[in-house]
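One structure is given below, encoded as structure tokens.
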Amino acid sequence: VQLQASGGGLVQAGGSLRLSCAASERTFGTYNVGWFRQAPGKEREFVATISWTGGSRDYADSVKGRLTISRDNAKNTVYLQMNSLKPEDTAVYYCAAARRGYDSQRLRSDSEYEYWGQGTLVTVSS
């Protein structure tokens with residue numbers, strides 16, 4: 001599965017962006033999908049994950065209430081709606097897909113994902 005992340009850009013603090021993760025195959029609808037981010041000089045960290053049905057979601061505490069993950073399997077796309085952005089949200093955002101059954105705790109680890117997109121840069125100015 002090839003993943004293409006897009007939608008990043010420069011936004012002021014308090015603003016919004018919507019990231020998209022588009023897949024090349026219809027089987028994408030059978031994968032759990034996660035978003036991770038990596039800020040300059042820091043390790044990659046978990047942001048959010050969604051089950052293949054869209055019925056289960058999990059968020060990092062730092063983004064809960066501000067970011068929303070969703071999916072449209074008919075379009076082979078997962079979204080990350082980002083509201084009330086803060087300068088500390090500045091990072092390269094990556095989407096990833098995992099085939100194993102949904103487990104919110106396990107899917108917080110990037111080692112659980114088989115496929116990765118190339119990343120999209122989000123910059124939040126203060």
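Simple scheme: letters A, B, ... for chains in structure tokens order, numbers from 1 for residues in each chain, numbers from 1 for ligands in the order shown.
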Neighbour list for segment 6-17 of chain A as a PDB file with N, CA, C and O atoms, in the first residue's frame, cut-off 7 Å, only C-alpha atoms, skip fewer than 2 positions in-chain:
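What landed in result08.pdb:
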```
ATOM      1  N   GLN A   4       0.002   8.642   0.604  1.00  0.00           N
ATOM      2  CA  GLN A   4       0.390  10.001   0.225  1.00  0.00           C
ATOM      3  C   GLN A   4      -0.254  10.970   1.206  1.00  0.00           C
ATOM      4  O   GLN A   4      -1.472  11.146   1.204  1.00  0.00           O
ATOM      5  N   LEU A  19      -5.266  17.596   7.275  1.00  0.00           N
ATOM      6  CA  LEU A  19      -4.341  16.724   6.583  1.00  0.00           C
ATOM      7  C   LEU A  19      -5.105  15.556   5.973  1.00  0.00           C
ATOM      8  O   LEU A  19      -6.111  15.101   6.536  1.00  0.00           O
ATOM      9  N   SER A  20      -4.606  15.082   4.849  1.00  0.00           N
ATOM     10  CA  SER A  20      -5.196  13.915   4.188  1.00  0.00           C
ATOM     11  C   SER A  20      -4.132  12.852   3.981  1.00  0.00           C
ATOM     12  O   SER A  20      -2.961  13.170   3.761  1.00  0.00           O
ATOM     13  N   CYS A  21      -4.554  11.624   4.048  1.00  0.00           N
ATOM     14  CA  CYS A  21      -3.680  10.477   3.774  1.00  0.00           C
ATOM     15  C   CYS A  21      -4.424   9.621   2.764  1.00  0.00           C
ATOM     16  O   CYS A  21      -5.394   8.944   3.118  1.00  0.00           O
ATOM     17  N   GLN A  81      -8.183  16.408  11.062  1.00  0.00           N
ATOM     18  CA  GLN A  81      -8.627  17.786  11.212  1.00  0.00           C
ATOM     19  C   GLN A  81      -7.931  18.385  12.414  1.00  0.00           C
ATOM     20  O   GLN A  81      -8.036  17.856  13.523  1.00  0.00           O
ATOM     21  N   MET A  82      -7.231  19.483  12.196  1.00  0.00           N
ATOM     22  CA  MET A  82      -6.415  20.086  13.240  1.00  0.00           C
ATOM     23  C   MET A  82      -6.947  21.484  13.536  1.00  0.00           C
ATOM     24  O   MET A  82      -6.866  22.375  12.683  1.00  0.00           O
ATOM     25  N   ASN A  83      -7.499  21.669  14.710  1.00  0.00           N
ATOM     26  CA  ASN A  83      -8.042  22.954  15.137  1.00  0.00           C
ATOM     27  C   ASN A  83      -7.259  23.491  16.330  1.00  0.00           C
ATOM     28  O   ASN A  83      -6.546  22.742  17.003  1.00  0.00           O
ATOM     29  N   SER A  84      -7.403  24.786  16.578  1.00  0.00           N
ATOM     30  CA  SER A  84      -6.736  25.429  17.728  1.00  0.00           C
ATOM     31  C   SER A  84      -5.256  25.073  17.775  1.00  0.00           C
ATOM     32  O   SER A  84      -4.721  24.699  18.822  1.00  0.00           O
ATOM     33  N   LEU A  85      -4.620  25.207  16.641  1.00  0.00           N
ATOM     34  CA  LEU A  85      -3.220  24.799  16.540  1.00  0.00           C
ATOM     35  C   LEU A  85      -2.314  25.669  17.399  1.00  0.00           C
ATOM     36  O   LEU A  85      -2.557  26.869  17.574  1.00  0.00           O
ATOM     37  N   LYS A  86      -1.271  25.032  17.913  1.00  0.00           N
ATOM     38  CA  LYS A  86      -0.302  25.691  18.776  1.00  0.00           C
ATOM     39  C   LYS A  86       1.087  25.590  18.143  1.00  0.00           C
ATOM     40  O   LYS A  86       1.343  24.667  17.354  1.00  0.00           O
ATOM     41  N   PRO A  87       1.990  26.486  18.491  1.00  0.00           N
ATOM     42  CA  PRO A  87       3.353  26.386  17.942  1.00  0.00           C
ATOM     43  C   PRO A  87       4.000  25.034  18.208  1.00  0.00           C
ATOM     44  O   PRO A  87       4.774  24.539  17.372  1.00  0.00           O
ATOM     45  N   THR A 120       4.129  15.316   5.718  1.00  0.00           N
ATOM     46  CA  THR A 120       3.740  16.653   5.287  1.00  0.00           C
ATOM     47  C   THR A 120       4.042  17.617   6.430  1.00  0.00           C
ATOM     48  O   THR A 120       3.754  17.329   7.592  1.00  0.00           O
ATOM     49  N   LEU A 121       4.645  18.753   6.110  1.00  0.00           N
ATOM     50  CA  LEU A 121       5.122  19.678   7.122  1.00  0.00           C
ATOM     51  C   LEU A 121       4.022  20.632   7.565  1.00  0.00           C
ATOM     52  O   LEU A 121       3.385  21.290   6.734  1.00  0.00           O
ATOM     53  N   VAL A 122       3.829  20.716   8.871  1.00  0.00           N
ATOM     54  CA  VAL A 122       2.914  21.677   9.477  1.00  0.00           C
ATOM     55  C   VAL A 122       3.739  22.646  10.314  1.00  0.00           C
ATOM     56  O   VAL A 122       4.499  22.225  11.194  1.00  0.00           O
ATOM     57  N   THR A 123       3.596  23.921  10.022  1.00  0.00           N
ATOM     58  CA  THR A 123       4.308  24.947  10.768  1.00  0.00           C
ATOM     59  C   THR A 123       3.292  25.908  11.368  1.00  0.00           C
ATOM     60  O   THR A 123       2.490  26.490  10.629  1.00  0.00           O
ATOM     61  N   VAL A 124       3.331  26.049  12.679  1.00  0.00           N
ATOM     62  CA  VAL A 124       2.401  26.931  13.377  1.00  0.00           C
ATOM     63  C   VAL A 124       3.192  28.096  13.954  1.00  0.00           C
ATOM     64  O   VAL A 124       4.073  27.905  14.796  1.00  0.00           O
ATOM     65  N   SER A 125       2.873  29.284  13.496  1.00  0.00           N
ATOM     66  CA  SER A 125       3.587  30.467  13.969  1.00  0.00           C
ATOM     67  C   SER A 125       2.863  31.088  15.157  1.00  0.00           C
ATOM     68  O   SER A 125       1.636  31.035  15.250  1.00  0.00           O
ATOM     69  N   SER A 126       3.641  31.697  16.031  1.00  0.00           N
ATOM     70  CA  SER A 126       3.051  32.293  17.242  1.00  0.00           C
ATOM     71  C   SER A 126       2.652  33.743  17.007  1.00  0.00           C
ATOM     72  O   SER A 126       2.983  34.337  15.999  1.00  0.00           O
TER      73      SER A 126
END
```
- Within 6 Å of Arg37 of chain A, counting only C-alpha atoms, which residues show up once you throw out same-chain ones fewer than 3 positions away? Write them as a list in words, please.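 In the requested form, the answer reads Arg44, Glu45, Ala91, Val92, Tyr93 and Tyr94 of chain A.
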- Item | Selected residue of minimal separation from Arg99 of chain A among A:Tyr113, A:Trp35, A:Tyr59, A:Thr68, counting only C-alpha atoms |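 For Arg99 of chain A, the nearest of the candidates is A:Tyr113.
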- For Arg26 of chain A, which residue among A:Ser70, A:Asn76, A:Thr90, A:Ser111 is the nearest when counting only C-alpha atoms? A:Asn76
- Message: as a PyMOL selection string, please: every residue in chain A that a backbone DSSP assignment puts in helix (DSSP H, G or I).
- Response: chain A and resi 26-30+73-75+87-89+106-108+110-112
Output for the residues just chosen: N, CA and C atoms as an mmCIF file, in the first residue's frame:
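This is the output file part13.cif:
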```
data_model
loop_
_atom_site.group_PDB
_atom_site.id
_atom_site.type_symbol
_atom_site.label_atom_id
_atom_site.label_comp_id
_atom_site.auth_asym_id
_atom_site.auth_seq_id
_atom_site.Cartn_x
_atom_site.Cartn_y
_atom_site.Cartn_z
ATOM 1 N N ARG A 26 -7.645 -0.118 -2.833
ATOM 2 C CA ARG A 26 -8.945 -0.178 -2.165
ATOM 3 C C ARG A 26 -8.874 -0.968 -0.870
ATOM 4 N N THR A 27 -7.870 -1.839 -0.752
ATOM 5 C CA THR A 27 -7.715 -2.614 0.483
ATOM 6 C C THR A 27 -7.347 -1.733 1.665
ATOM 7 N N PHE A 28 -7.056 -0.459 1.406
ATOM 8 C CA PHE A 28 -6.762 0.482 2.484
ATOM 9 C C PHE A 28 -7.874 0.486 3.521
ATOM 10 N N GLY A 29 -9.080 0.210 3.072
ATOM 11 C CA GLY A 29 -10.229 0.173 3.978
ATOM 12 C C GLY A 29 -10.169 -0.934 5.002
ATOM 13 N N THR A 30 -9.232 -1.859 4.864
ATOM 14 C CA THR A 30 -9.081 -2.940 5.826
ATOM 15 C C THR A 30 -7.918 -2.707 6.785
ATOM 16 N N ASN A 73 -13.605 5.420 3.592
ATOM 17 C CA ASN A 73 -13.058 4.255 2.900
ATOM 18 C C ASN A 73 -13.453 4.216 1.431
ATOM 19 N N ALA A 74 -14.550 4.843 1.080
ATOM 20 C CA ALA A 74 -14.936 4.904 -0.336
ATOM 21 C C ALA A 74 -13.927 5.719 -1.145
ATOM 22 N N LYS A 75 -13.247 6.637 -0.472
ATOM 23 C CA LYS A 75 -12.236 7.468 -1.124
ATOM 24 C C LYS A 75 -10.819 7.029 -0.780
ATOM 25 N N PRO A 87 1.990 26.486 18.491
ATOM 26 C CA PRO A 87 3.353 26.386 17.942
ATOM 27 C C PRO A 87 4.000 25.034 18.208
ATOM 28 N N GLU A 88 3.668 24.414 19.319
ATOM 29 C CA GLU A 88 4.251 23.101 19.634
ATOM 30 C C GLU A 88 3.701 21.978 18.758
ATOM 31 N N ASP A 89 2.705 22.271 17.931
ATOM 32 C CA ASP A 89 2.223 21.288 16.962
ATOM 33 C C ASP A 89 3.087 21.267 15.701
ATOM 34 N N ARG A 106 -1.499 -0.792 21.505
ATOM 35 C CA ARG A 106 -0.434 -1.314 20.645
ATOM 36 C C ARG A 106 -0.186 -0.368 19.476
ATOM 37 N N LEU A 107 -1.233 0.248 18.953
ATOM 38 C CA LEU A 107 -1.093 1.099 17.775
ATOM 39 C C LEU A 107 -0.529 2.479 18.104
ATOM 40 N N ARG A 108 -0.193 2.721 19.355
ATOM 41 C CA ARG A 108 0.532 3.941 19.698
ATOM 42 C C ARG A 108 2.016 3.807 19.385
ATOM 43 N N ASP A 110 5.006 3.135 16.754
ATOM 44 C CA ASP A 110 5.214 3.200 15.305
ATOM 45 C C ASP A 110 5.708 1.873 14.734
ATOM 46 N N SER A 111 6.230 0.982 15.576
ATOM 47 C CA SER A 111 6.715 -0.307 15.085
ATOM 48 C C SER A 111 5.578 -1.229 14.647
ATOM 49 N N GLU A 112 4.336 -0.878 14.957
ATOM 50 C CA GLU A 112 3.188 -1.713 14.597
ATOM 51 C C GLU A 112 2.719 -1.479 13.162
#
```
- Message: If I take atom CA of Ala39 of chain A and atom CA of Ser24 of chain A, how far is one from the other in Å, to one decimal?
- Response: 27.0 Å
- Run DSSP on the backbone of this structure and report the residues of segment 22-123 of chain A it assigns to strand (DSSP E or B), as a PyMOL selection string. chain A and resi 22-23+32-38+45-50+57-59+67-72+77-82+91-98+115-116+120-123
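Nearest to Gly65 of chain A of all the residues A:Leu3, A:Ala48, A:Val78, A:Ala22 is A:Ala48, based on only C-alpha atoms.
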- Which residues, written as an NGL selection string, have at least one atom at most 12 Å from segment 103-105 of chain A, with only C-alpha atoms counted and residues fewer than 6 positions away on the same chain left out? :A and (32-34 or 46-52 or 55-60 or 112)
- Identify which of the residues A:Glu25, A:Ser109, A:Phe36, A:Gly101 lies closest to Ile69 of chain A, counting only C-alpha atoms when measuring atom-to-atom distances.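 So, comparing all the options, the nearest one is A:Phe36.
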